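Chemist: File start12.txt follows (compact mmCIF, C-alpha atoms):
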```txt
# COMPACT_ATOMS: atom_id res chain seq x y z
CA MET A 4 -20.77 6.25 -35.14
CA GLU A 5 -19.42 8.48 -32.42
CA SER A 6 -19.59 7.05 -28.92
CA CYS A 7 -20.34 9.11 -25.81
CA SER A 8 -18.41 7.06 -23.30
CA PHE A 9 -15.64 4.58 -22.83
CA ARG A 10 -16.24 2.33 -19.85
CA PRO A 11 -14.42 -0.80 -18.68
CA ALA A 12 -16.38 -3.95 -19.30
CA THR A 13 -16.18 -5.04 -15.66
CA ALA A 14 -16.44 -1.68 -13.87
CA PRO A 15 -17.58 -2.40 -10.27
CA SER A 16 -20.56 -0.64 -8.78
CA PRO A 17 -19.85 0.44 -5.22
CA PHE A 18 -23.25 1.16 -3.72
CA PRO A 19 -26.52 -0.81 -3.62
CA SER A 20 -29.50 -0.03 -5.82
CA ALA A 21 -32.69 -1.60 -7.05
CA PRO A 22 -32.36 -3.71 -10.23
CA SER A 23 -33.25 -1.95 -13.43
CA SER A 24 -34.72 -3.37 -16.61
CA SER A 25 -32.20 -1.40 -18.67
CA SER A 26 -29.21 -2.94 -16.93
CA SER A 27 -28.70 -5.36 -19.79
CA SER A 28 -27.69 -2.56 -22.13
CA PRO A 29 -23.90 -1.99 -22.03
CA ARG A 30 -24.28 1.78 -22.50
CA ALA A 31 -27.32 2.35 -20.31
CA PRO A 32 -26.93 5.15 -17.78
CA CYS A 33 -26.24 3.97 -14.24
CA PRO A 34 -27.18 6.71 -11.76
CA HIS A 35 -27.54 4.19 -8.92
CA LEU A 36 -24.70 1.84 -8.10
CA ARG A 37 -24.94 -1.73 -6.91
CA PHE A 38 -23.37 -3.33 -3.88
CA PRO A 39 -20.58 -5.67 -4.93
CA ARG A 40 -20.75 -9.38 -4.27
CA PRO A 41 -18.67 -10.12 -1.14
CA ARG A 42 -15.77 -12.49 -1.21
CA ASN A 43 -16.64 -16.09 -0.52
CA GLY A 44 -16.03 -17.60 2.89
CA ARG A 45 -13.01 -19.63 1.82
CA GLN A 46 -11.15 -16.52 0.60
CA ILE A 47 -11.91 -14.67 3.83
CA ARG A 48 -10.77 -17.58 6.02
CA VAL A 49 -7.50 -17.89 4.11
CA ARG A 50 -6.85 -14.17 4.45
CA ARG A 51 -7.57 -14.23 8.19
CA ARG A 52 -5.25 -17.16 8.83
CA ALA A 53 -2.48 -15.55 6.78
CA SER A 54 -2.78 -12.34 8.79
CA GLY A 55 -2.43 -14.05 12.17
CA PHE A 56 -5.92 -13.45 13.58
CA ASP A 57 -9.48 -14.46 12.80
CA ALA A 58 -11.49 -11.32 13.55
CA PHE A 59 -14.39 -10.26 11.33
CA PRO A 60 -14.29 -8.52 8.87
CA PRO A 61 -11.22 -9.31 6.75
CA LEU A 62 -8.11 -7.16 6.92
CA PRO A 63 -7.87 -3.96 4.90
CA GLY A 64 -5.75 -4.00 1.79
CA LYS A 65 -2.54 -2.02 2.00
CA VAL A 66 -2.31 -0.47 5.45
CA PHE A 67 1.06 0.41 7.02
CA VAL A 68 2.95 -0.25 3.77
CA ASP A 69 4.94 1.90 1.34
CA GLU A 70 3.15 2.04 -2.00
CA ALA A 71 4.74 2.84 -5.34
CA ILE A 72 3.88 6.21 -6.90
CA GLY A 73 3.48 4.81 -10.41
CA ALA A 74 3.04 6.22 -13.94
CA GLU A 75 6.51 7.78 -13.95
CA TYR A 76 6.57 7.30 -17.73
CA GLY A 77 2.82 7.40 -18.29
CA GLU A 78 2.43 3.65 -17.85
CA GLY A 79 -0.84 2.27 -16.54
CA PHE A 80 -2.30 -1.15 -15.82
CA GLU A 81 -3.79 -4.11 -17.64
CA THR A 82 -7.51 -4.86 -17.52
CA PHE A 83 -9.47 -7.69 -19.08
CA ARG A 84 -12.36 -7.34 -21.50
CA MET A 85 -14.50 -9.78 -23.46
CA ASP A 86 -12.13 -9.62 -26.43
CA GLY A 87 -8.99 -10.12 -24.31
CA PRO A 88 -6.58 -8.13 -22.15
CA LEU A 89 -6.38 -4.38 -22.63
CA LYS A 90 -3.37 -2.26 -21.70
CA VAL A 91 -4.52 1.03 -20.20
CA ASP A 92 -2.13 3.95 -19.73
CA VAL A 93 -2.34 7.72 -19.38
CA ASP A 94 -2.20 8.57 -23.08
CA TYR A 95 -4.70 5.84 -23.95
CA LEU A 96 -7.30 7.18 -21.51
CA ASN A 97 -6.80 10.79 -22.56
CA GLU A 98 -7.38 9.73 -26.15
CA LYS A 99 -10.29 7.33 -25.69
CA LEU A 100 -12.28 9.17 -23.05
CA GLN A 101 -13.22 11.93 -25.47
CA GLU A 102 -16.46 13.85 -25.22
CA CYS A 103 -19.04 13.10 -27.88
CA PHE A 104 -21.08 15.77 -29.63
CA LEU A 105 -23.93 15.80 -27.11
CA GLN A 106 -21.53 15.89 -24.17
CA ARG A 107 -19.65 18.81 -25.69
CA ILE A 108 -22.92 20.74 -25.99
CA ARG A 109 -23.87 19.93 -22.40
CA HIS A 110 -20.42 20.86 -21.06
CA ALA A 111 -20.51 24.10 -23.02
CA MET A 112 -23.65 25.03 -21.08
CA LYS A 113 -22.45 23.49 -17.80
CA PRO A 114 -18.63 23.49 -17.93
CA ASP A 115 -18.20 22.27 -14.36
CA GLU A 116 -19.69 18.88 -15.26
CA ALA A 117 -16.71 18.19 -17.52
CA PHE A 118 -14.45 17.78 -14.49
CA GLY A 119 -14.02 14.75 -12.26
CA LEU A 120 -12.92 14.84 -8.62
CA ILE A 121 -10.90 12.02 -7.05
CA PHE A 122 -10.54 12.01 -3.28
CA SER A 123 -7.88 10.04 -1.50
CA TRP A 124 -9.11 8.34 1.67
CA ASP A 125 -6.26 9.05 4.11
CA ASN A 126 -6.60 12.44 5.83
CA VAL A 127 -8.70 13.78 2.96
CA ILE A 128 -11.99 12.10 3.79
CA ALA A 129 -11.15 10.68 7.22
CA ASP A 130 -8.53 11.54 9.83
CA THR A 131 -6.57 8.30 9.49
CA ASP A 132 -3.43 9.66 11.16
CA SER A 133 -5.18 9.60 14.52
CA LEU A 134 -6.31 6.02 13.84
CA LYS A 135 -2.75 4.95 13.12
CA LEU A 136 -1.35 6.70 16.18
CA ASP A 137 -3.98 5.12 18.42
CA ALA A 138 -3.22 1.69 16.97
CA TRP A 139 0.51 2.09 17.64
CA ARG A 140 -0.12 3.34 21.19
CA GLN A 141 -2.44 0.44 21.96
CA LEU A 142 0.12 -2.01 20.60
CA ALA A 143 2.85 -0.42 22.72
CA LEU A 144 0.64 -0.69 25.81
CA GLU A 145 -0.05 -4.37 25.16
CA GLU A 146 3.63 -5.13 24.59
CA GLY A 147 4.84 -3.02 27.51
CA LYS A 148 6.88 -0.76 25.19
CA ASP A 149 7.38 2.96 24.91
CA ILE A 150 7.14 5.04 21.73
CA PRO A 151 9.72 7.87 21.59
CA SER A 152 8.30 11.35 21.12
CA ALA A 153 10.92 12.37 18.53
CA THR A 154 9.59 13.95 15.34
CA HIS A 155 11.26 11.46 13.00
CA VAL A 156 9.73 8.55 14.95
CA ARG A 157 6.23 10.01 14.65
CA LYS A 158 6.76 10.60 10.92
CA SER A 159 7.93 7.02 10.41
CA ILE A 160 4.96 5.66 12.35
CA LEU A 161 2.47 7.64 10.26
CA HIS A 162 3.99 7.27 6.81
CA GLY A 163 6.39 4.31 6.96
CA ALA A 164 5.90 0.60 6.46
CA ALA A 165 5.11 -1.38 9.60
CA ASP A 166 7.96 -3.86 9.19
CA HIS A 167 10.48 -1.04 8.76
CA VAL A 168 9.17 0.76 11.87
CA LEU A 169 9.18 -2.40 13.98
CA ARG A 170 12.65 -3.44 12.89
CA LYS A 171 14.57 -0.23 12.19
CA VAL A 172 12.82 2.55 14.16
CA LEU A 173 11.31 1.08 17.33
CA TYR A 174 13.47 -2.09 17.47
CA TRP A 175 10.57 -4.16 18.78
CA ALA A 176 11.10 -7.24 16.61
CA LYS A 177 14.06 -8.99 15.06
CA GLU A 178 12.60 -12.44 14.36
CA GLU A 179 10.27 -12.76 11.40
CA ASP A 180 7.56 -14.60 13.37
CA LYS A 181 7.47 -11.93 16.06
CA MET A 182 7.29 -9.14 13.49
CA GLU A 183 4.43 -10.78 11.59
CA LYS A 184 2.50 -11.26 14.83
CA LEU A 185 2.95 -7.60 15.78
CA LYS A 186 1.95 -6.43 12.29
CA ALA A 187 -1.21 -8.54 12.38
CA ARG A 188 -2.16 -7.18 15.79
CA LEU A 189 -1.41 -3.61 14.65
CA ILE A 190 -3.75 -3.94 11.67
CA GLU A 191 -6.41 -5.49 13.90
CA LEU A 192 -6.21 -2.50 16.26
CA TYR A 193 -6.39 -0.11 13.30
CA TYR A 194 -9.51 -1.90 12.08
CA GLU A 195 -11.14 -1.71 15.49
CA ASN A 196 -10.53 2.05 15.56
CA LEU A 197 -11.80 2.40 12.00
CA PHE A 198 -15.14 0.79 12.94
CA LYS A 199 -15.67 3.58 15.48
CA LEU A 200 -15.01 6.36 12.95
CA ASP A 201 -18.16 8.22 11.98
CA THR A 202 -16.96 11.79 11.40
CA PRO A 203 -15.36 13.02 8.15
CA VAL A 204 -12.75 15.74 7.86
CA LYS A 205 -14.14 19.12 8.88
CA GLY A 206 -15.76 21.00 5.99
CA LEU A 207 -15.78 18.01 3.64
CA ARG A 208 -19.55 17.51 3.67
CA GLU A 209 -20.21 21.16 2.83
CA TRP A 210 -17.70 20.99 -0.03
CA LEU A 211 -19.29 17.81 -1.39
CA ASP A 212 -22.70 19.49 -1.24
CA ALA A 213 -21.39 22.34 -3.38
CA VAL A 214 -19.77 19.92 -5.82
CA GLN A 215 -22.93 17.84 -6.08
CA THR A 216 -24.98 20.96 -6.79
CA ALA A 217 -22.58 21.82 -9.63
CA GLY A 218 -23.03 18.32 -11.09
CA ILE A 219 -19.37 17.27 -10.80
CA PRO A 220 -18.92 13.49 -10.38
CA CYS A 221 -16.71 12.32 -7.52
CA ALA A 222 -14.76 9.16 -6.72
CA VAL A 223 -12.84 7.96 -3.68
CA ALA A 224 -9.60 5.98 -4.00
CA SER A 225 -8.27 3.85 -1.17
CA SER A 226 -6.25 0.73 -0.46
CA LEU A 227 -8.82 -0.50 2.06
CA ASP A 228 -11.15 -3.44 1.56
CA ARG A 229 -14.28 -2.53 -0.42
CA ARG A 230 -16.70 -3.67 2.26
CA CYS A 231 -14.84 -1.71 4.92
CA MET A 232 -14.82 1.39 2.70
CA ILE A 233 -18.56 1.26 1.97
CA GLU A 234 -19.41 0.76 5.64
CA ALA A 235 -17.17 3.68 6.65
CA LEU A 236 -18.78 5.97 4.06
CA ASP A 237 -22.22 4.90 5.25
CA ARG A 238 -21.37 5.70 8.86
CA MET A 239 -20.20 9.15 7.82
CA ALA A 240 -23.27 9.62 5.57
CA LEU A 241 -21.08 10.30 2.52
CA SER A 242 -22.07 7.44 0.20
CA LYS A 243 -24.49 9.56 -1.83
CA TYR A 244 -21.70 11.90 -2.96
CA PHE A 245 -19.49 9.32 -4.68
CA LYS A 246 -20.26 7.85 -8.06
CA ALA A 247 -17.37 5.37 -7.91
CA ILE A 248 -14.86 3.92 -5.49
CA VAL A 249 -11.49 2.24 -6.01
CA THR A 250 -10.40 -0.22 -3.33
CA ASP A 251 -8.11 -3.17 -2.71
CA GLU A 252 -10.30 -5.45 -4.84
CA ASP A 253 -9.41 -3.42 -7.94
CA ASP A 254 -5.87 -4.80 -7.52
CA MET A 255 -4.04 -1.60 -8.44
CA GLU A 256 -0.27 -1.80 -7.95
CA SER A 257 0.41 1.90 -7.37
CA ILE A 258 -1.18 5.17 -6.31
CA ALA A 259 -1.27 6.43 -9.90
CA ASN A 260 -3.05 3.29 -11.08
CA ARG A 261 -5.80 3.88 -8.55
CA PHE A 262 -6.27 7.40 -9.88
CA LEU A 263 -6.45 6.13 -13.46
CA SER A 264 -8.99 3.49 -12.46
CA ALA A 265 -11.08 6.18 -10.77
CA ALA A 266 -10.96 8.31 -13.94
CA MET A 267 -12.23 5.34 -15.98
CA LYS A 268 -15.11 4.75 -13.58
CA LEU A 269 -16.04 8.44 -13.68
CA ASP A 270 -15.84 8.40 -17.50
CA ARG A 271 -13.55 11.44 -17.44
CA LYS A 272 -10.21 11.97 -19.11
CA PRO A 273 -7.30 12.02 -16.62
CA SER A 274 -6.42 15.51 -17.86
CA LYS A 275 -9.88 16.67 -16.72
CA CYS A 276 -9.61 15.22 -13.22
CA VAL A 277 -8.62 16.88 -9.94
CA VAL A 278 -7.08 14.78 -7.17
CA PHE A 279 -7.44 15.77 -3.52
CA GLU A 280 -4.41 14.53 -1.61
CA ASP A 281 -2.50 15.19 1.58
CA ASP A 282 0.74 13.41 0.69
CA PRO A 283 3.51 14.64 -1.65
CA ARG A 284 3.67 11.15 -3.16
CA GLY A 285 0.00 11.35 -4.08
CA VAL A 286 0.55 14.79 -5.63
CA THR A 287 3.36 13.36 -7.76
CA ALA A 288 1.17 10.43 -8.80
CA ALA A 289 -1.61 12.81 -9.85
CA HIS A 290 0.77 14.85 -11.99
CA ASN A 291 2.17 11.66 -13.55
CA CYS A 292 -1.40 10.95 -14.66
CA THR A 293 -1.78 14.49 -16.14
CA MET A 294 -4.27 15.32 -13.38
CA MET A 295 -4.45 18.45 -11.27
CA ALA A 296 -3.67 18.14 -7.57
CA VAL A 297 -5.21 19.96 -4.60
CA ALA A 298 -3.22 19.36 -1.41
CA LEU A 299 -4.59 19.55 2.11
CA ILE A 300 -2.07 20.99 4.55
CA GLY A 301 -2.00 19.17 7.87
CA ALA A 302 -0.46 15.72 7.76
CA HIS A 303 2.41 17.31 5.80
CA PRO A 304 3.55 20.95 6.11
CA ALA A 305 2.96 23.41 3.29
CA TYR A 306 6.60 23.44 2.17
CA GLU A 307 6.39 19.70 1.37
CA LEU A 308 3.34 20.29 -0.84
CA VAL A 309 4.72 23.01 -3.09
CA GLN A 310 4.30 20.79 -6.17
CA ALA A 311 0.52 20.82 -5.78
CA ASP A 312 -1.47 23.08 -8.10
CA LEU A 313 -3.37 24.40 -5.09
CA ALA A 314 -2.72 23.97 -1.35
CA ILE A 315 -5.42 24.62 1.23
CA ALA A 316 -5.61 24.38 5.01
CA LYS A 317 -9.34 23.53 5.08
CA TYR A 318 -12.20 22.84 2.69
CA SER A 319 -13.96 26.09 3.52
CA GLU A 320 -11.29 27.89 1.47
CA LEU A 321 -12.54 26.21 -1.71
CA SER A 322 -15.25 27.16 -4.17
CA VAL A 323 -16.25 25.63 -7.49
CA ILE A 324 -14.65 28.57 -9.29
CA ASN A 325 -11.29 27.35 -7.96
CA LEU A 326 -11.65 24.23 -10.08
CA ARG A 327 -12.12 26.31 -13.23
CA ARG A 328 -9.08 28.40 -12.42
CA LEU A 329 -6.95 25.26 -12.11
CA PHE A 330 -7.53 24.59 -15.82
CA ALA A 331 -7.66 28.22 -16.99
CA ASN A 332 -3.95 28.57 -17.75
CA LYS A 333 -3.21 24.96 -18.59
CA GLY A 334 -1.55 23.67 -21.72
CA ILE A 335 1.09 24.41 -24.33
CA SER A 336 -0.87 27.29 -25.87
CA PHE A 337 -0.64 29.29 -22.66
CA MET A 338 3.13 28.91 -22.56
CA ASP A 339 3.39 29.87 -26.23
CA LEU A 340 1.34 32.97 -25.56
CA GLN A 341 3.78 34.06 -22.88
CA LYS A 342 6.68 33.52 -25.26
CA GLN A 343 5.03 35.63 -27.96
CA ILE A 344 4.40 38.46 -25.54
CA ILE A 345 8.06 38.57 -24.59
CA GLU A 346 9.19 38.52 -28.23
CA LYS A 347 6.80 41.33 -29.22
CA ALA A 348 7.93 43.75 -26.52
CA PRO A 349 8.01 47.29 -28.00
CA PRO A 350 11.46 48.82 -28.68
CA ARG A 351 12.79 51.57 -26.47
CA ARG A 352 12.00 55.15 -27.50
CA ARG A 353 14.85 57.34 -28.60
CA LEU A 354 14.96 60.83 -27.17
CA THR A 355 15.18 63.52 -29.85
CA VAL A 356 14.73 67.26 -30.01
CA ASP A 357 11.10 66.79 -31.17
CA THR A 358 10.15 64.65 -28.20
CA ILE A 359 11.60 67.15 -25.71
CA PHE A 360 9.95 70.26 -27.15
```
Please, can you express the file's structure as structure tokens?
Modeler:
Amino acid sequence: MESCSFRPATAPSPFPSAPSSSSSSPRAPCPHLRFPRPRNGRQIRVRRRASGFDAFPPLPGKVFVDEAIGAEYGEGFETFRMDGPLKVDVDYLNEKLQECFLQRIRHAMKPDEAFGLIFSWDNVIADTDSLKLDAWRQLALEEGKDIPSATHVRKSILHGAADHVLRKVLYWAKEEDKMEKLKARLIELYYENLFKLDTPVKGLREWLDAVQTAGIPCAVASSLDRRCMIEALDRMALSKYFKAIVTDEDDMESIANRFLSAAMKLDRKPSKCVVFEDDPRGVTAAHNCTMMAVALIGAHPAYELVQADLAIAKYSELSVINLRRLFANKGISFMDLQKQIIEKAPPRRRLTVDTIF
């Protein structure tokens, strides 16, 4: 019998909801998402001690680190199901997440619902560059240091790993203990700034309203802690727009793996997903997953985002029709059509007496 969906057996539910009597059915629809069970106290205490401070809540996942792009050869990640481990990669998801008969009929009437949108957290949903800069400036003030105003220093601070910046760019720490202490304090300052954030990127809410009206499911992918992510979305009043979230608890090893996990949670093929990114590395990761990429110009200049399928300066430039156009000329058949047109070019006319008179 044909199945309408392929969902991971342990797909997390990011937002709270009332319990439903149909929750026992593995294929029951889940319009409302449940709040995940928080980590136990022992795990949190261990994480706090390892980070060098004991402030609540626990540290975010991968902040101020260089993450791998991933999926360079279409590889994915391993997940665990009731019948054992399952290797998930790009080709596997594009094959398994096929539309069933009823979905094909629905998407024929409402084609926009066939897409899935994946939003990166950094500078796409929230202005995290300002949070990072403020954290570095506060750390410099506490340590009595100065941060050079050179362009390459600013770029390293925003996009480089903290240990590399401390050791190779700012030269603030040589000993390992000193560097770990500074890194822990830097992340603590970032967290404190994050708790004050309550405003999304300009135009994002209006764009999400349009997407929600069109019935397109959305997910947010981040390396932050799940609890921190949910609280930040609640403060910005954006929780209702996202069907799924991917966070540090999903234990994804690369940017591409987070995108693939988001596609699974949205129940959309990777080739039907659009990633909203601001970083060239994220654009590359999206393309490695056979996804389309929309780049936001700002944190990186436009010439660094030329690989994106669409580059915009602000969300107000977008409309739902833009999403359809991203897929309009996609695929091998389009390229073959261009080749046939070139081969069938008409021959040149020969001038004769009859054509002149």
Chemist: Determine, for each residue of stretch 134-218 of chain A having at least one atom at most 10 Å from an atom of stretch 304-320 of chain A, the closest pair of atoms and their separation in Å to one decimal, counting all atoms listed in the file; order by chain and ascending number, as a Markdown table.
Modeler:
```
| residue | atom | partner | partner_atom | distance |
| --- | --- | --- | --- | --- |
| A:Val204 | CA | A:Tyr318 | CA | 8.8 |
| A:Lys205 | CA | A:Tyr318 | CA | 7.5 |
| A:Gly206 | CA | A:Tyr318 | CA | 5.2 |
| A:Leu207 | CA | A:Tyr318 | CA | 6.1 |
| A:Arg208 | CA | A:Tyr318 | CA | 9.1 |
| A:Glu209 | CA | A:Ser319 | CA | 8.0 |
| A:Trp210 | CA | A:Tyr318 | CA | 6.4 |
| A:Leu211 | CA | A:Tyr318 | CA | 9.6 |
```
Chemist: Env of stretch 252-261 of chain A: 9 Å cut, atoms = all atoms listed in the file, seq-sep filter 5 positions within chain, self excluded. Answer as a VMD selection string.
Modeler: chain A and resid 15 64 70 to 75 78 to 80 92 224 to 229 266 284 to 285 287 to 292
Chemist: Take atom CA of A:Leu326 and atom CA of A:Pro273 and report the distance between them in Å, one decimal.
Modeler: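 Between atom CA of A:Leu326 and atom CA of A:Pro273 the gap works out to 14.5 Å.
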Chemist: Using only C-alpha atoms, which residues sit within 9 Å of A:Phe67 once same-chain residues fewer than 6 positions away are excluded, as a list of chain:residue names?
Modeler: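 Listed by chain and then number, they are A:Lys135, A:Ile160, A:Leu161, A:His162, A:Gly163, A:Ala164, A:Ala165, A:Asp166, A:Lys186, A:Leu189, A:Ile190.
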Chemist: With distances taken over all atoms listed in the file, which residue among A:Cys221, A:Val172, A:Val278, A:Met294 lies nearest A:Glu116?
Modeler: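 Answer, going by the shortest atom-to-atom distance: A:Cys221.
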Chemist: Hey, can you check how far atom CA of A:Lys99 sits from atom CA of A:Gln215?
Modeler: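 Taking atom CA of A:Lys99 as the start and atom CA of A:Gln215 as the end point, the length is 25.6 Å.
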Chemist: Would you work out the distance separating atom CA of A:Ala296 from atom CA of A:Asp281, expressed in Å to one decimal?
Modeler: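 Rounded to one decimal, the two atoms are 9.7 Å apart.
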Chemist: Starting from 5 Å padding per side, set up an axis-aligned box that covers all listed atoms of stretch 67-78 of chain A and hand over centre and edge lengths in Å, one decimal, as JSON.
Modeler:
```
{"center_x": 3.8, "center_y": 3.8, "center_z": -5.6, "size_x": 15.5, "size_y": 18.0, "size_z": 35.3}
```
Chemist: Measuring atom to atom with all atoms listed in the file, identify which of A:Asn97, A:Ser242, A:Ser274, A:Thr216 is nearest to A:Asp115.
Modeler: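 The closest residue to A:Asp115 is A:Thr216.
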Chemist: Using only C-alpha atoms, which residue out of A:Lys199, A:His155, A:Arg107, A:Arg328 lies closest to A:Ala235?
Modeler: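 Ranked by minimum distance to A:Ala235, first place goes to A:Lys199.
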Chemist: Can you list, as a PyMOL selection string, every protein, DNA or RNA residue that comes within 12 Å of A:Ser133 when you count only C-alpha atoms, leaving out same-chain residues fewer than 2 positions away?
Modeler: chain A and resi 125-126+129-131+135-140+157+160-161+193+196-197+200+204+302
Chemist: Compile the contact shell of A:Asp201 as a tab-separated table (two decimals) with C-alpha atoms, in the frame of the given file: residues with an atom at most 7 Å away, counting only C-alpha atoms, same-chain residues fewer than 2 positions apart removed.
Modeler:
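File produced: around_37.tsv:
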```
chain	number	residue	atom	x	y	z
A	199	LYS	CA	-15.67	3.58	15.48
A	203	PRO	CA	-15.36	13.02	8.15
A	238	ARG	CA	-21.37	5.70	8.86
A	239	MET	CA	-20.20	9.15	7.82
```
Chemist: Which residues come within 10 Å of A:Phe330, counting all atoms listed in the file, excluding same-chain residues fewer than 6 positions away, as number ranges by chain?
Modeler: A: 118, 274-277, 295, 312
Chemist: Go through A:Val127, A:Ile324, A:Leu329, A:Met85 and flag the residue nearest A:Ile300, using all atoms listed in the file for the distances.
Modeler: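 Going through A:Val127, A:Ile324, A:Leu329, A:Met85 one by one, the smallest distance to A:Ile300 is for A:Val127.
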